[in-house]
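Structure file query.pdb (PDB, C-alpha atoms and all ligand atoms) is printed below.
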```
ATOM      1  CA  MET O 200       0.000   0.000   0.000
ATOM      2  CA  ILE O 201       2.717   2.344  -1.013
ATOM      3  CA  ASP O 202       0.260   5.005  -2.161
ATOM      4  CA  PHE O 203      -0.717   5.844   1.392
ATOM      5  CA  LEU O 204       0.645   8.665   3.464
ATOM      6  CA  THR O 205       1.406   7.066   6.788
ATOM      7  CA  TYR O 206       0.725  10.262   8.699
ATOM      8  CA  ALA O 207      -1.615  13.082   7.682
ATOM      9  CA  PRO O 208       0.043  16.489   8.061
ATOM     10  CA  ILE O 209      -1.311  19.012  10.538
ATOM     11  CA  GLN O 210      -1.790  22.497   9.117
ATOM     12  CA  GLU O 211      -2.437  25.679  11.081
ATOM     13  CA  LEU O 212      -4.985  28.151   9.705
ATOM     14  CA  LYS O 213      -3.984  31.793  10.078
ATOM     15  CA  ASP O 214      -6.699  34.395  10.155
ATOM     16  CA  GLU O 215      -7.401  37.711  11.891
ATOM     17  CA  MET O 216     -10.664  36.493  13.298
ATOM     18  CA  LEU O 217      -8.909  33.514  14.906
ATOM     19  CA  GLU O 218      -6.233  35.759  16.360
ATOM     20  CA  LYS O 219      -8.816  38.107  17.776
ATOM     21  CA  HIS O 220     -10.490  35.237  19.622
ATOM     22  CA  GLN O 221      -7.120  33.729  20.651
ATOM     23  CA  VAL O 222      -7.909  30.450  18.969
ATOM     24  CA  LYS O 223      -5.256  28.316  17.380
ATOM     25  CA  LEU O 224      -6.907  26.246  14.654
ATOM     26  CA  LEU O 225      -5.125  23.098  13.501
ATOM     27  CA  VAL O 226      -6.398  20.911  10.676
ATOM     28  CA  LYS O 227      -5.349  17.286  10.349
ATOM     29  CA  ARG O 228      -5.395  16.701   6.614
ATOM     30  CA  GLU O 229      -6.757  13.165   6.409
ATOM     31  CA  ASP O 230      -8.085  14.198   3.002
ATOM     32  CA  LEU O 231      -4.514  13.854   1.721
ATOM     33  CA  ILE O 232      -3.725  10.279   2.807
ATOM     34  CA  HIS O 233      -4.670   8.683  -0.511
ATOM     35  CA  SER O 234      -6.021   9.916  -3.829
ATOM     36  CA  HIS O 235      -9.081   7.648  -3.704
ATOM     37  CA  ILE O 236      -9.452   6.257  -0.185
ATOM     38  CA  LYS O 237      -9.496   9.499   1.687
ATOM     39  CA  GLY O 238     -10.096  10.717   5.124
ATOM     40  CA  ASN O 239     -11.984   8.640   7.586
ATOM     41  CA  LYS O 240     -13.113   5.954   5.143
ATOM     42  CA  TRP O 241      -9.833   4.081   5.005
ATOM     43  CA  TYR O 242      -9.638   3.947   8.819
ATOM     44  CA  LYS O 243     -13.117   2.446   8.935
ATOM     45  CA  LEU O 244     -12.294  -0.135   6.291
ATOM     46  CA  LYS O 245      -8.817  -1.307   7.231
ATOM     47  CA  TYR O 246      -9.646  -3.712  10.093
ATOM     48  CA  ASN O 247     -12.756  -4.924   8.296
ATOM     49  CA  ILE O 248     -10.628  -5.859   5.308
ATOM     50  CA  ALA O 249      -8.178  -7.600   7.619
ATOM     51  CA  GLN O 250     -11.067  -9.481   9.228
ATOM     52  CA  ALA O 251     -12.452 -10.531   5.839
ATOM     53  CA  LYS O 252      -9.049 -12.000   5.004
ATOM     54  CA  ILE O 253      -8.871 -13.768   8.389
ATOM     55  CA  GLU O 254     -12.274 -15.314   7.675
ATOM     56  CA  GLY O 255     -11.071 -16.391   4.238
ATOM     57  CA  LEU O 256     -13.652 -14.262   2.436
ATOM     58  CA  ASN O 257     -12.509 -12.604  -0.764
ATOM     59  CA  CYS O 258     -15.541 -10.434  -1.359
ATOM     60  CA  LEU O 259     -16.823  -7.325   0.437
ATOM     61  CA  LEU O 260     -20.481  -6.344   0.197
ATOM     62  CA  THR O 261     -21.719  -3.004   1.395
ATOM     63  CA  PHE O 262     -24.542  -0.480   1.015
ATOM     64  CA  GLY O 263     -24.889   3.163   0.086
ATOM     65  CA  GLY O 264     -26.710   5.888  -1.781
ATOM     66  CA  ALA O 265     -25.715   6.798  -5.320
ATOM     67  CA  PHE O 266     -23.405   9.557  -4.027
ATOM     68  CA  SER O 267     -21.843   7.596  -1.176
ATOM     69  CA  ASN O 268     -18.193   8.309  -0.354
ATOM     70  CA  HIS O 269     -18.184   4.968   1.429
ATOM     71  CA  ILE O 270     -19.102   3.106  -1.783
ATOM     72  CA  TYR O 271     -16.327   4.973  -3.593
ATOM     73  CA  ALA O 272     -13.773   4.165  -0.901
ATOM     74  CA  THR O 273     -14.807   0.496  -0.572
ATOM     75  CA  ALA O 274     -14.490  -0.052  -4.324
ATOM     76  CA  SER O 275     -11.044   1.605  -4.317
ATOM     77  CA  ALA O 276      -9.870  -0.325  -1.265
ATOM     78  CA  GLY O 277     -11.131  -3.631  -2.666
ATOM     79  CA  LYS O 278      -9.156  -3.092  -5.831
ATOM     80  CA  LEU O 279      -6.053  -2.137  -3.867
ATOM     81  CA  CYS O 280      -6.310  -5.121  -1.512
ATOM     82  CA  GLY O 281      -7.287  -7.723  -4.112
ATOM     83  CA  LEU O 282     -10.850  -8.258  -2.912
ATOM     84  CA  GLU O 283     -14.020  -8.392  -4.972
ATOM     85  CA  THR O 284     -16.586  -5.773  -4.051
ATOM     86  CA  ILE O 285     -20.356  -5.570  -4.362
ATOM     87  CA  GLY O 286     -22.132  -2.259  -3.845
ATOM     88  CA  ILE O 287     -25.835  -2.407  -3.034
ATOM     89  CA  ILE O 288     -27.141   0.976  -4.122
ATOM     90  CA  ARG O 289     -30.350   2.538  -2.814
ATOM     91  CA  GLY O 290     -33.035   3.202  -5.421
ATOM     92  CA  GLU O 291     -33.199   2.832  -9.185
ATOM     93  CA  PRO O 292     -30.239   2.755 -11.556
ATOM     94  CA  HIS O 293     -29.569   5.969 -13.494
ATOM     95  CA  LEU O 294     -27.484   5.977 -16.649
ATOM     96  CA  PRO O 295     -24.973   7.278 -17.338
ATOM     97  CA  LEU O 296     -23.480   6.486 -13.942
ATOM     98  CA  ASN O 297     -22.545   9.492 -11.820
ATOM     99  CA  PRO O 298     -18.782   9.978 -11.167
ATOM    100  CA  ILE O 299     -18.890   8.127  -7.817
ATOM    101  CA  LEU O 300     -20.547   5.018  -9.218
ATOM    102  CA  ALA O 301     -18.546   5.181 -12.455
ATOM    103  CA  HIS O 302     -15.350   5.118 -10.391
ATOM    104  CA  ALA O 303     -16.688   2.248  -8.273
ATOM    105  CA  GLN O 304     -17.510   0.217 -11.356
ATOM    106  CA  ALA O 305     -14.136   1.027 -12.911
ATOM    107  CA  CYS O 306     -12.530  -0.411  -9.753
ATOM    108  CA  GLY O 307     -14.378  -3.649 -10.451
ATOM    109  CA  MET O 308     -17.261  -3.202  -8.042
ATOM    110  CA  THR O 309     -20.459  -5.040  -8.980
ATOM    111  CA  LEU O 310     -23.309  -2.555  -8.629
ATOM    112  CA  SER O 311     -26.735  -3.836  -7.699
ATOM    113  CA  TYR O 312     -29.803  -1.748  -6.886
ATOM    114  CA  LEU O 313     -32.391  -2.198  -4.140
ATOM    115  CA  ASP O 314     -35.742  -0.434  -4.126
ATOM    116  CA  ARG O 315     -36.060   2.024  -1.255
ATOM    117  CA  ALA O 316     -38.495  -0.057   0.817
ATOM    118  CA  THR O 317     -36.245  -3.145   0.748
ATOM    119  CA  TYR O 318     -33.180  -0.960   1.265
ATOM    120  CA  ARG O 319     -34.610   0.281   4.546
ATOM    121  CA  GLN O 320     -34.694  -3.367   5.695
ATOM    122  CA  LYS O 321     -31.143  -4.127   4.644
ATOM    123  CA  SER O 322     -30.093  -5.138   8.163
ATOM    124  CA  GLU O 323     -32.861  -7.764   8.379
ATOM    125  CA  SER O 324     -31.704 -11.344   8.005
ATOM    126  CA  GLU O 325     -34.180 -12.098   5.182
ATOM    127  CA  VAL O 326     -32.675  -9.394   2.997
ATOM    128  CA  ILE O 327     -29.140 -10.530   3.784
ATOM    129  CA  GLN O 328     -30.028 -14.161   3.092
ATOM    130  CA  GLN O 329     -31.403 -13.126  -0.250
ATOM    131  CA  LEU O 330     -28.168 -11.295  -1.040
ATOM    132  CA  ARG O 331     -26.169 -14.410  -0.097
ATOM    133  CA  ALA O 332     -28.364 -16.503  -2.363
ATOM    134  CA  GLN O 333     -27.693 -14.041  -5.161
ATOM    135  CA  PHE O 334     -23.983 -13.339  -4.680
ATOM    136  CA  GLY O 335     -22.559 -16.227  -2.628
ATOM    137  CA  ASP O 336     -20.435 -15.700   0.458
ATOM    138  CA  PHE O 337     -19.249 -12.208   1.345
ATOM    139  CA  TYR O 338     -17.962 -10.097   4.227
ATOM    140  CA  LEU O 339     -20.667  -7.605   5.084
ATOM    141  CA  ILE O 340     -19.818  -4.002   5.862
ATOM    142  CA  PRO O 341     -22.761  -1.852   6.956
ATOM    143  CA  GLU O 342     -23.854   1.370   5.240
ATOM    144  CA  GLY O 343     -21.376   4.163   5.940
ATOM    145  CA  GLY O 344     -18.800   1.563   7.025
ATOM    146  CA  THR O 345     -19.478   1.968  10.728
ATOM    147  CA  ASN O 346     -19.219  -1.074  13.006
ATOM    148  CA  THR O 347     -17.028  -1.913  15.978
ATOM    149  CA  LEU O 348     -13.964  -2.719  13.855
ATOM    150  CA  ALA O 349     -14.360   0.707  12.252
ATOM    151  CA  ILE O 350     -13.835   2.261  15.686
ATOM    152  CA  LYS O 351     -10.611   0.310  16.101
ATOM    153  CA  GLY O 352      -9.480   2.071  12.927
ATOM    154  CA  THR O 353     -10.823   5.590  13.469
ATOM    155  CA  LYS O 354      -9.233   5.858  16.899
ATOM    156  CA  GLU O 355      -5.872   5.725  15.107
ATOM    157  CA  ILE O 356      -6.654   9.114  13.506
ATOM    158  CA  VAL O 357      -5.666  10.793  16.769
ATOM    159  CA  GLU O 358      -2.895   8.491  17.942
ATOM    160  CA  ASN O 359       0.684   9.809  18.054
ATOM    161  CA  ILE O 360      -0.188  13.490  17.783
ATOM    162  CA  GLU O 361       2.514  15.605  19.405
ATOM    163  CA  GLU O 362       0.652  18.922  19.394
ATOM    164  CA  LYS O 363      -1.411  19.732  22.474
ATOM    165  CA  TYR O 364      -5.049  20.632  21.883
ATOM    166  CA  ASP O 365      -8.129  21.447  23.970
ATOM    167  CA  TYR O 366     -10.914  20.680  21.506
ATOM    168  CA  LEU O 367     -11.277  18.043  18.814
ATOM    169  CA  CYS O 368     -13.873  18.485  16.069
ATOM    170  CA  CYS O 369     -15.148  16.297  13.232
ATOM    171  CA  ALA O 370     -18.151  15.953  10.934
ATOM    172  CA  CYS O 371     -20.684  13.235  11.852
ATOM    173  CA  GLY O 372     -22.726  11.069   9.523
ATOM    174  CA  THR O 373     -23.042   7.677  11.221
ATOM    175  CA  GLY O 374     -20.787   8.755  14.106
ATOM    176  CA  GLY O 375     -18.169   6.039  13.543
ATOM    177  CA  THR O 376     -15.432   8.602  13.176
ATOM    178  CA  LEU O 377     -16.406  10.551  16.291
ATOM    179  CA  ALA O 378     -16.585   7.278  18.242
ATOM    180  CA  GLY O 379     -12.955   6.586  17.342
ATOM    181  CA  LEU O 380     -11.879  10.100  18.321
ATOM    182  CA  ILE O 381     -13.670   9.743  21.665
ATOM    183  CA  VAL O 382     -11.656   6.606  22.353
ATOM    184  CA  GLY O 383      -8.342   7.720  20.877
ATOM    185  CA  ALA O 384      -7.908  11.307  22.077
ATOM    186  CA  PRO O 385      -6.771  12.342  25.575
ATOM    187  CA  GLU O 386      -9.560  12.293  28.158
ATOM    188  CA  LYS O 387      -9.421  15.990  28.986
ATOM    189  CA  VAL O 388      -9.875  17.058  25.351
ATOM    190  CA  GLN O 389     -13.448  18.159  24.587
ATOM    191  CA  LYS O 390     -14.663  16.194  21.534
ATOM    192  CA  ILE O 391     -17.375  17.758  19.394
ATOM    193  CA  GLY O 392     -19.086  16.081  16.448
ATOM    194  CA  PHE O 393     -20.964  18.290  13.990
ATOM    195  CA  SER O 394     -23.961  16.368  12.717
ATOM    196  CA  VAL O 395     -24.702  16.745   9.012
ATOM    197  CA  LEU O 396     -28.071  14.993   9.450
ATOM    198  CA  LYS O 397     -31.272  16.058  11.092
ATOM    199  CA  GLY O 398     -32.277  13.954  14.105
ATOM    200  CA  ASP O 399     -31.043  13.176  17.588
ATOM    201  CA  PHE O 400     -30.390   9.448  17.378
ATOM    202  CA  LEU O 401     -26.620   9.785  16.967
ATOM    203  CA  GLU O 402     -25.704  10.075  20.659
ATOM    204  CA  LYS O 403     -27.451   6.780  21.465
ATOM    205  CA  GLU O 404     -25.956   5.103  18.395
ATOM    206  CA  ILE O 405     -22.450   6.100  19.418
ATOM    207  CA  GLU O 406     -22.956   4.980  23.013
ATOM    208  CA  LYS O 407     -24.311   1.637  21.818
ATOM    209  CA  ARG O 408     -21.429   1.176  19.422
ATOM    210  CA  LEU O 409     -18.816   2.024  22.071
ATOM    211  CA  HIS O 410     -20.446  -0.403  24.462
ATOM    212  CA  GLN O 411     -20.368  -3.166  21.830
ATOM    213  CA  ALA O 412     -16.716  -2.450  21.082
ATOM    214  CA  TYR O 413     -15.956  -2.741  24.800
ATOM    215  CA  GLU O 414     -17.832  -6.043  25.080
ATOM    216  CA  GLN O 415     -15.882  -7.389  22.129
ATOM    217  CA  GLY O 416     -12.585  -6.354  23.703
ATOM    218  CA  ILE O 417     -11.798  -3.893  20.914
ATOM    219  CA  ILE O 418     -11.555  -0.988  23.378
ATOM    220  CA  THR O 419     -10.695  -1.056  27.072
ATOM    221  CA  GLN O 420     -13.101   1.441  28.611
ATOM    222  CA  ASN O 421     -16.862   1.039  28.971
ATOM    223  CA  SER O 422     -17.838   4.677  29.102
ATOM    224  CA  TYR O 423     -16.386   7.964  27.960
ATOM    225  CA  LEU O 424     -16.996  11.535  29.030
ATOM    226  CA  ASN O 425     -16.209  14.889  27.497
ATOM    227  CA  TRP O 426     -17.946  14.533  24.155
ATOM    228  CA  HIS O 427     -21.132  15.819  22.569
ATOM    229  CA  ILE O 428     -22.769  16.389  19.214
ATOM    230  CA  ASN O 429     -23.670  19.818  17.914
ATOM    231  CA  HIS O 430     -26.939  19.696  15.949
ATOM    232  CA  ASN O 431     -27.059  23.343  14.852
ATOM    233  CA  TYR O 432     -25.260  23.189  11.518
ATOM    234  CA  HIS O 433     -26.955  20.489   9.412
ATOM    235  CA  PHE O 434     -28.662  23.162   7.244
ATOM    236  CA  GLY O 435     -31.879  21.179   7.038
ATOM    237  CA  GLY O 436     -30.474  17.662   6.730
ATOM    238  CA  TYR O 437     -28.191  15.357   4.782
ATOM    239  CA  ALA O 438     -26.935  16.929   1.524
ATOM    240  CA  LYS O 439     -29.200  19.932   2.069
ATOM    241  CA  THR O 440     -27.408  23.134   1.335
ATOM    242  CA  HIS O 441     -27.766  26.890   1.573
ATOM    243  CA  LEU O 442     -26.407  29.971  -0.173
ATOM    244  CA  GLU O 443     -24.613  31.107   2.976
ATOM    245  CA  LEU O 444     -22.951  27.705   3.331
ATOM    246  CA  ASN O 445     -21.897  27.712  -0.319
ATOM    247  CA  ASN O 446     -20.406  31.205  -0.001
ATOM    248  CA  PHE O 447     -18.517  30.148   3.101
ATOM    249  CA  ILE O 448     -17.095  27.123   1.249
ATOM    250  CA  VAL O 449     -15.900  29.202  -1.706
ATOM    251  CA  ASN O 450     -14.231  31.782   0.562
ATOM    252  CA  PHE O 451     -12.691  29.192   2.883
ATOM    253  CA  SER O 452     -11.240  27.093   0.056
ATOM    254  CA  LYS O 453      -9.734  30.169  -1.572
ATOM    255  CA  LYS O 454      -8.369  31.737   1.589
ATOM    256  CA  PHE O 455      -6.757  28.645   3.117
ATOM    257  CA  ASP O 456      -6.193  26.631  -0.047
ATOM    258  CA  ILE O 457      -7.960  23.648   1.529
ATOM    259  CA  PRO O 458     -10.796  22.049  -0.457
ATOM    260  CA  ILE O 459     -14.020  21.452   1.466
ATOM    261  CA  GLU O 460     -17.473  20.365   0.235
ATOM    262  CA  PRO O 461     -21.090  21.056   1.221
ATOM    263  CA  ILE O 462     -22.075  17.633   2.605
ATOM    264  CA  TYR O 463     -19.591  17.122   5.459
ATOM    265  CA  THR O 464     -16.535  19.323   5.864
ATOM    266  CA  GLY O 465     -18.268  22.538   4.708
ATOM    267  CA  LYS O 466     -20.834  22.223   7.496
ATOM    268  CA  LEU O 467     -18.079  21.291   9.949
ATOM    269  CA  PHE O 468     -15.914  24.349   9.295
ATOM    270  CA  TYR O 469     -18.935  26.641   9.024
ATOM    271  CA  GLY O 470     -20.024  25.500  12.479
ATOM    272  CA  ILE O 471     -16.571  25.876  13.999
ATOM    273  CA  PHE O 472     -16.094  29.383  12.606
ATOM    274  CA  ASP O 473     -19.542  30.409  13.791
ATOM    275  CA  LEU O 474     -18.864  29.103  17.314
ATOM    276  CA  ILE O 475     -15.499  30.862  17.427
ATOM    277  CA  LYS O 476     -17.182  34.166  16.497
ATOM    278  CA  GLN O 477     -19.695  33.595  19.274
ATOM    279  CA  GLY O 478     -16.842  33.149  21.750
ATOM    280  CA  TYR O 479     -17.808  29.527  22.438
ATOM    281  CA  PHE O 480     -14.232  28.256  22.831
ATOM    282  CA  HIS O 481     -12.293  29.533  25.828
ATOM    283  CA  ALA O 482      -9.380  31.877  25.121
ATOM    284  CA  PRO O 483      -6.645  31.031  24.546
ATOM    285  CA  SER O 484      -7.247  27.525  23.226
ATOM    286  CA  THR O 485      -6.262  25.113  20.508
ATOM    287  CA  ILE O 486      -8.805  23.338  18.323
ATOM    288  CA  LEU O 487      -7.839  20.311  16.271
ATOM    289  CA  VAL O 488     -10.155  19.646  13.321
ATOM    290  CA  ILE O 489     -10.174  16.371  11.410
ATOM    291  CA  HIS O 490     -10.532  16.998   7.679
ATOM    292  CA  SER O 491     -12.297  13.769   6.749
ATOM    293  CA  GLY O 492     -12.012  14.174   2.966
ATOM    294  CA  GLY O 493     -15.045  14.009   0.739
ATOM    295  CA  VAL O 494     -13.710  16.099  -2.133
ATOM    296  CA  TYR O 495     -13.066  14.207  -5.367
TER
HETATM  297  C1  LIG O 501     -18.403   9.565   5.505
HETATM  298  C2  LIG O 501     -17.884  10.887   5.837
HETATM  299  C3  LIG O 501     -18.058  11.455   7.113
HETATM  300  C4  LIG O 501     -18.911  10.818   8.185
HETATM  301  O1  LIG O 501     -18.253   9.875   8.950
HETATM  302  P1  LIG O 501     -19.048   9.006  10.019
HETATM  303  O2  LIG O 501     -18.032   8.110  10.580
HETATM  304  O3  LIG O 501     -20.109   8.265   9.259
HETATM  305  O4  LIG O 501     -19.658   9.914  11.015
HETATM  306  C5  LIG O 501     -17.464  12.674   7.371
HETATM  307  N1  LIG O 501     -16.780  13.332   6.418
HETATM  308  C6  LIG O 501     -16.607  12.835   5.184
HETATM  309  C7  LIG O 501     -15.860  13.628   4.190
HETATM  310  C8  LIG O 501     -17.161  11.601   4.847
HETATM  311  O5  LIG O 501     -17.009  11.122   3.596
END
```
Taking this structure as input, can you express it in the form of structure tokens?
Amino acid sequence: MIDFLTYAPIQELKDEMLEKHQVKLLVKREDLIHSHIKGNKWYKLKYNIAQAKIEGLNCLLTFGGAFSNHIYATASAGKLCGLETIGIIRGEPHLPLNPILAHAQACGMTLSYLDRATYRQKSESEVIQQLRAQFGDFYLIPEGGTNTLAIKGTKEIVENIEEKYDYLCCACGTGGTLAGLIVGAPEKVQKIGFSVLKGDFLEKEIEKRLHQAYEQGIITQNSYLNWHINHNYHFGGYAKTHLELNNFIVNFSKKFDIPIEPIYTGKLFYGIFDLIKQGYFHAPSTILVIHSGGVY
């Protein structure tokens, strides 16, 4: 896996507004670790791929929407690691394929479509049995790539960081990345996940997942403090956007020369900047932000 950066660089953002509020803003550029398997997705996949190999399975099957970064990353990782991949896509096929699915197919992923009603039941054993009847044996990775082995991977995002920091921020979809940061970062660091979805189920999901990981011996602690999810910057829900958000993204990308996008990292940085302006973070303090990728 020579294409991977073994350690994502940490970049400091310089800005008058940050200086005024005495905030040091550091960005861990996980978006740079690989040209196709960026950001958090590789961390979620790596121990699942290892487990598939341990179980002697040479095929990964997973789920996602037509614009899923997880589908894109799984197809890329499968190709890189010599595993077959099957992507079960929500809804009807649309031709020509969009760039995400075209890339997945070019990596060798078999694309198969599930109607929305069946897709909602994709964790039910009848649906999975049907998929096994159709495709044979496979290693199943859930939608978004989040399971307990994903946490074993995402906690590595914050291991071996020399810089000291008071706050740790990331974007949250399924919460698998935040769960890893909660486990991996020092206890006294305040961890904040910025939800890109509407709804308040994430806290319970993360607690459940951490508990499972503890039961399975993947992590050593049963409960964690000093973390929460901010629900104020989803802009109406997943993939919903807004003129103000789009303007922020254009200005941010130009000013700092760091690409961000409207689904995850745009909402994350918008939220952080807004909270800094409100004086939310104590002064002086250091915030470490995980740039989870998402720009292709
Ligand atoms: C998938 C993704 C996330 C969400 O990660 P979760 O572990 O599901 O919370 C965040 N940022 C980017 C760029 C992503 O592609």
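Restricting the calculation to all atoms listed in the file, the smallest distance between Ala349 (chain O) and any of O:Gln328, O:Gln250, O:Lys439, O:Arg319 is found for O:Gln250.
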Once the PyMOL selection byres (((not hetatm)) within 10 of (chain O and resi 501)) has been applied to the shown file, what residues remain in the selection, as a PyMOL selection string? chain O and resi 229-230+236-240+242-243+267-272+342-346+349-350+353+369-379+392-396+401+405+459-467+489-495
Selection near Trp241 (chain O), 9 Å with all atoms listed in the file, sequence-local residues under 6 positions removed, as a ChimeraX atom specification: /O:232-233,272-273,276,352-353
As AutoDock Vina command-line options, please: the centre and edge lengths in Å, to one decimal, of an axis-aligned box enclosing every listed atom of region 263-268 of chain O with 8 Å added on each side.
```
--center_x -22.5 --center_y 6.4 --center_z -2.6 --size_x 24.5 --size_y 22.4 --size_z 21.4
```
What residues come out when you apply the PyMOL selection byres (((chain O and resi 412) around 12) and not hetatm) to this file, written as a tab-separated table (two decimals) with C-alpha atoms, keeping the file's coordinate frame?
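So part.tsv came out as:
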```
chain	number	residue	atom	x	y	z
O	345	THR	CA	-19.48	1.97	10.73
O	346	ASN	CA	-19.22	-1.07	13.01
O	347	THR	CA	-17.03	-1.91	15.98
O	348	LEU	CA	-13.96	-2.72	13.86
O	349	ALA	CA	-14.36	0.71	12.25
O	350	ILE	CA	-13.84	2.26	15.69
O	351	LYS	CA	-10.61	0.31	16.10
O	352	GLY	CA	-9.48	2.07	12.93
O	354	LYS	CA	-9.23	5.86	16.90
O	375	GLY	CA	-18.17	6.04	13.54
O	378	ALA	CA	-16.58	7.28	18.24
O	379	GLY	CA	-12.96	6.59	17.34
O	382	VAL	CA	-11.66	6.61	22.35
O	405	ILE	CA	-22.45	6.10	19.42
O	406	GLU	CA	-22.96	4.98	23.01
O	407	LYS	CA	-24.31	1.64	21.82
O	408	ARG	CA	-21.43	1.18	19.42
O	409	LEU	CA	-18.82	2.02	22.07
O	410	HIS	CA	-20.45	-0.40	24.46
O	411	GLN	CA	-20.37	-3.17	21.83
O	413	TYR	CA	-15.96	-2.74	24.80
O	414	GLU	CA	-17.83	-6.04	25.08
O	415	GLN	CA	-15.88	-7.39	22.13
O	416	GLY	CA	-12.58	-6.35	23.70
O	417	ILE	CA	-11.80	-3.89	20.91
O	418	ILE	CA	-11.56	-0.99	23.38
O	419	THR	CA	-10.70	-1.06	27.07
O	420	GLN	CA	-13.10	1.44	28.61
O	421	ASN	CA	-16.86	1.04	28.97
O	422	SER	CA	-17.84	4.68	29.10
```
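Selection result for the displayed file, with the PyMOL selection byres (((chain O and resi 265) around 8) and not hetatm) as criterion, is Gly263, Gly264, Phe266, Ser267, Ile288, Arg289, Asn297, Ile299 and Leu300 of chain O.
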Since the input is missing atoms for region 236-247 of chain O, could you rebuild it with N, CA, C and O atoms and give the result as a compact mmCIF listing (two decimals), keeping the file's coordinate frame?
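Saved as selection14.txt:
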```
# COMPACT_ATOMS: atom_id res chain seq x y z
N ILE O 236 -8.89 6.78 -1.44
CA ILE O 236 -9.45 6.26 -0.18
C ILE O 236 -9.13 7.26 0.90
O ILE O 236 -8.24 7.10 1.71
N LYS O 237 -9.90 8.35 0.90
CA LYS O 237 -9.50 9.50 1.69
C LYS O 237 -10.09 9.50 3.07
O LYS O 237 -11.11 8.90 3.32
N GLY O 238 -9.48 10.31 3.88
CA GLY O 238 -10.10 10.72 5.12
C GLY O 238 -10.43 9.55 6.01
O GLY O 238 -9.65 8.62 6.17
N ASN O 239 -11.62 9.63 6.58
CA ASN O 239 -11.98 8.64 7.59
C ASN O 239 -12.30 7.27 6.99
O ASN O 239 -12.29 6.28 7.70
N LYS O 240 -12.59 7.21 5.70
CA LYS O 240 -13.11 5.95 5.14
C LYS O 240 -12.09 4.82 5.19
O LYS O 240 -12.45 3.68 5.42
N TRP O 241 -10.84 5.14 4.94
CA TRP O 241 -9.83 4.08 5.00
C TRP O 241 -9.72 3.52 6.42
O TRP O 241 -9.62 2.32 6.63
N TYR O 242 -9.75 4.40 7.42
CA TYR O 242 -9.64 3.95 8.82
C TYR O 242 -10.79 3.01 9.18
O TYR O 242 -10.61 2.05 9.93
N LYS O 243 -11.97 3.30 8.63
CA LYS O 243 -13.12 2.45 8.94
C LYS O 243 -13.01 1.09 8.24
O LYS O 243 -13.49 0.08 8.73
N LEU O 244 -12.36 1.10 7.08
CA LEU O 244 -12.29 -0.14 6.29
C LEU O 244 -11.15 -1.06 6.69
O LEU O 244 -11.26 -2.28 6.56
N LYS O 245 -10.05 -0.51 7.18
CA LYS O 245 -8.82 -1.31 7.23
C LYS O 245 -8.95 -2.58 8.07
O LYS O 245 -8.54 -3.65 7.61
N TYR O 246 -9.54 -2.49 9.27
CA TYR O 246 -9.65 -3.71 10.09
C TYR O 246 -10.78 -4.62 9.62
O TYR O 246 -10.79 -5.82 9.91
N ASN O 247 -11.73 -4.07 8.90
CA ASN O 247 -12.76 -4.92 8.30
C ASN O 247 -12.17 -5.75 7.16
O ASN O 247 -12.47 -6.93 7.01
```
